Amino acid sequence: MRAVEVESAHRPESFRDAPLIPQGRDSLTDRLDPKNIFGRKAPLHVDLGCGDGSFICALAQRMPAKNFLGIERLLGRIRSAARKAASLPNVRLLRMESSYAVRYLLPAESVETFYLLFPDPWPKRRHWRRRIVTEDFLSAISQALVENGTFRIATDQREYFEKMKEMARANSNFAIIEPTVADLPLTKFEKTFRAQGASIHWLELRKVSPVR
């Protein structure tokens, strides 16, 4: 585990009456216990980079029988998300780097659906190494997903979309399926991009058992 990952991941804050995952976590490597966190056992959906919480809270209201975890590293955004989620019993928030949480904190086969909506595209080629979607990241996602679980990705960047699709095709743990996005709330970014006339590219992956 690289020191930079630990430093960026562990940023405890105190939010009174906020739906944050235990603010006093001392370990950076102990896996989360979804049943303990939510007080019940239910299918888990995870919003990676949940922003101000608008998307995850709207989704949680539509599907009260499921649990929703929002992961966000920026303090201002997690404060806004905490305010929106305060009255929703099926939403919890974690202030942390999404890539770290997926790799080290989410238990194997614990997530029904991941959402990664409009991640930073880092459009300049010299910055591509900073992108969240890599071969290693997809492998970590597949480990955290239940069998037949899904990973939904949206971007307005065609080049990034094609690169992610290429990596997904090369990963035997995933099958690319027809996106089912009609039932999803619009994010703030999607509203902005659509107003600008930008095309939205959706990639939906389903976890499958590799052929041996």
# chains A, B, ... in the order shown; residues from 1 in each chain; ligands from 1
$ closest_atom_pairs --of "region 18-85 of chain A" --to "region 144-148 of chain A" --cutoff "12 Å" --atoms "only C-alpha atoms" --output "CSV"
residue,atom,partner,partner_atom,distance
A:Arg31,CA,A:Ala144,CA,11.1
A:Leu32,CA,A:Ala144,CA,11.6
A:Pro43,CA,A:Val146,CA,9.6
A:Leu44,CA,A:Leu145,CA,9.6
A:His45,CA,A:Leu145,CA,9.8
A:Val46,CA,A:Leu145,CA,10.2
$ residues_around --residues "Ser87 (chain A)" --least-positions-apart "3" --cutoff "10 Å" --atoms "only C-alpha atoms" --output "list of chain:residue names"
A:Ala18, A:Pro19, A:Cys57, A:Ala82, A:Arg83, A:Lys84, A:Asn90, A:Val91
$ residues_around --residues "region 188-191 of chain A" --least-positions-apart "4" --cutoff "8 Å" --atoms "only C-alpha atoms" --output "PDB file with C-alpha atoms, in the first residue's frame"
ATOM      1  CA  SER A  54     -28.216  14.673  -5.251  1.00  0.00           C
ATOM      2  CA  PHE A 118     -18.676  11.666 -15.058  1.00  0.00           C
ATOM      3  CA  ALA A 195     -27.798  21.801 -21.818  1.00  0.00           C
ATOM      4  CA  ILE A 200     -23.471  11.321 -22.969  1.00  0.00           C
TER       5      ILE A 200
END
$ residues_around --residues "Ile56 (chain A)" --least-positions-apart "4" --cutoff "9 Å" --atoms "only C-alpha atoms" --output "CSV table (one decimal) with N, CA and C atoms, in the first residue's frame"
chain,number,residue,atom,x,y,z
A,46,VAL,N,-23.3,1.5,-4.6
A,46,VAL,CA,-22.2,2.4,-4.3
A,46,VAL,C,-22.0,3.4,-5.4
A,47,ASP,N,-22.1,4.7,-5.0
A,47,ASP,CA,-21.9,5.8,-5.9
A,47,ASP,C,-20.5,6.3,-5.6
A,50,CYS,N,-19.6,10.7,-5.2
A,50,CYS,CA,-21.1,11.1,-5.1
A,50,CYS,C,-21.4,12.6,-5.1
A,60,ALA,N,-31.9,6.6,-3.7
A,60,ALA,CA,-32.3,6.0,-2.4
A,60,ALA,C,-33.8,6.1,-2.1
A,61,GLN,N,-34.3,7.3,-2.4
A,61,GLN,CA,-35.8,7.5,-2.2
A,61,GLN,C,-36.6,6.6,-3.1
A,68,PHE,N,-27.6,2.4,0.2
A,68,PHE,CA,-26.8,3.2,-0.7
A,68,PHE,C,-25.6,3.8,0.0
A,69,LEU,N,-24.4,3.6,-0.5
A,69,LEU,CA,-23.2,4.2,0.0
A,69,LEU,C,-22.6,5.2,-1.0
A,70,GLY,N,-22.4,6.4,-0.5
A,70,GLY,CA,-21.8,7.5,-1.3
A,70,GLY,C,-20.4,7.7,-0.9
A,81,ALA,N,-23.7,16.6,0.7
A,81,ALA,CA,-24.3,15.3,0.7
A,81,ALA,C,-24.9,14.8,2.0
A,85,ALA,N,-28.7,13.7,2.9
A,85,ALA,CA,-29.0,12.3,3.3
A,85,ALA,C,-29.4,12.2,4.7
A,91,VAL,N,-29.1,5.6,3.4
A,91,VAL,CA,-27.9,6.2,2.8
A,91,VAL,C,-26.8,6.4,3.9
A,185,PRO,N,-31.9,8.9,-12.0
A,185,PRO,CA,-32.0,10.4,-11.9
A,185,PRO,C,-30.9,11.1,-12.6
$ select_by_dssp --residues "region 26-204 of chain A" --states "strand (DSSP E)" --output "JSON list (two decimals) with C-alpha atoms, in the first residue's frame"
[["chain", "number", "residue", "atom", "x", "y", "z"],
["A", 44, "LEU", "CA", -25.79, -2.48, -1.61],
["A", 45, "HIS", "CA", -25.38, 0.21, -4.27],
["A", 46, "VAL", "CA", -22.24, 2.39, -4.28],
["A", 47, "ASP", "CA", -21.90, 5.83, -5.86],
["A", 48, "LEU", "CA", -18.20, 6.51, -6.52],
["A", 67, "ASN", "CA", -28.77, 0.37, 0.83],
["A", 68, "PHE", "CA", -26.76, 3.20, -0.71],
["A", 69, "LEU", "CA", -23.18, 4.19, 0.04],
["A", 70, "GLY", "CA", -21.79, 7.45, -1.35],
["A", 71, "ILE", "CA", -18.02, 7.89, -1.48],
["A", 72, "GLU", "CA", -16.53, 11.36, -1.94],
["A", 91, "VAL", "CA", -27.92, 6.21, 2.83],
["A", 92, "ARG", "CA", -24.44, 6.30, 4.33],
["A", 93, "LEU", "CA", -21.45, 8.40, 3.28],
["A", 94, "LEU", "CA", -17.72, 7.85, 3.35],
["A", 95, "ARG", "CA", -15.16, 10.62, 2.89],
["A", 111, "VAL", "CA", -21.97, -4.70, -3.94],
["A", 112, "GLU", "CA", -24.93, -5.16, -6.28],
["A", 113, "THR", "CA", -24.30, -2.03, -8.37],
["A", 114, "PHE", "CA", -21.52, 0.54, -8.71],
["A", 115, "TYR", "CA", -22.07, 3.98, -10.28],
["A", 116, "LEU", "CA", -19.21, 6.07, -11.66],
["A", 117, "LEU", "CA", -20.80, 9.14, -13.20],
["A", 145, "LEU", "CA", -19.36, -7.04, -7.03],
["A", 146, "VAL", "CA", -21.75, -9.91, -6.40],
["A", 147, "GLU", "CA", -22.20, -12.41, -9.21],
["A", 148, "ASN", "CA", -24.14, -10.69, -12.03],
["A", 149, "GLY", "CA", -23.61, -7.34, -10.31],
["A", 150, "THR", "CA", -23.32, -4.28, -12.52],
["A", 151, "PHE", "CA", -20.99, -1.33, -12.98],
["A", 152, "ARG", "CA", -22.59, 1.72, -14.60],
["A", 153, "ILE", "CA", -20.31, 4.41, -16.03],
["A", 154, "ALA", "CA", -21.15, 7.72, -17.72],
["A", 155, "THR", "CA", -18.87, 10.26, -19.40],
["A", 174, "PHE", "CA", -17.01, -8.51, -17.26],
["A", 175, "ALA", "CA", -19.51, -8.60, -20.08],
["A", 176, "ILE", "CA", -20.56, -5.34, -21.75],
["A", 177, "ILE", "CA", -24.34, -5.11, -21.78],
["A", 201, "HIS", "CA", -21.74, 7.96, -23.33],
["A", 202, "TRP", "CA", -22.90, 5.12, -21.09],
["A", 203, "LEU", "CA", -21.02, 1.91, -20.42],
["A", 204, "GLU", "CA", -22.64, -0.85, -18.40]]
$ closest_residue --among "A:Val133, A:Met164, A:Ala86, A:Ala42" --to "Ala65 (chain A)" --atoms "only C-alpha atoms"
A:Ala42
$ closest_residue --among "A:Pro107, A:Pro64, A:Gly76, A:Gly197" --to "Thr29 (chain A)" --atoms "only C-alpha atoms"
A:Pro107
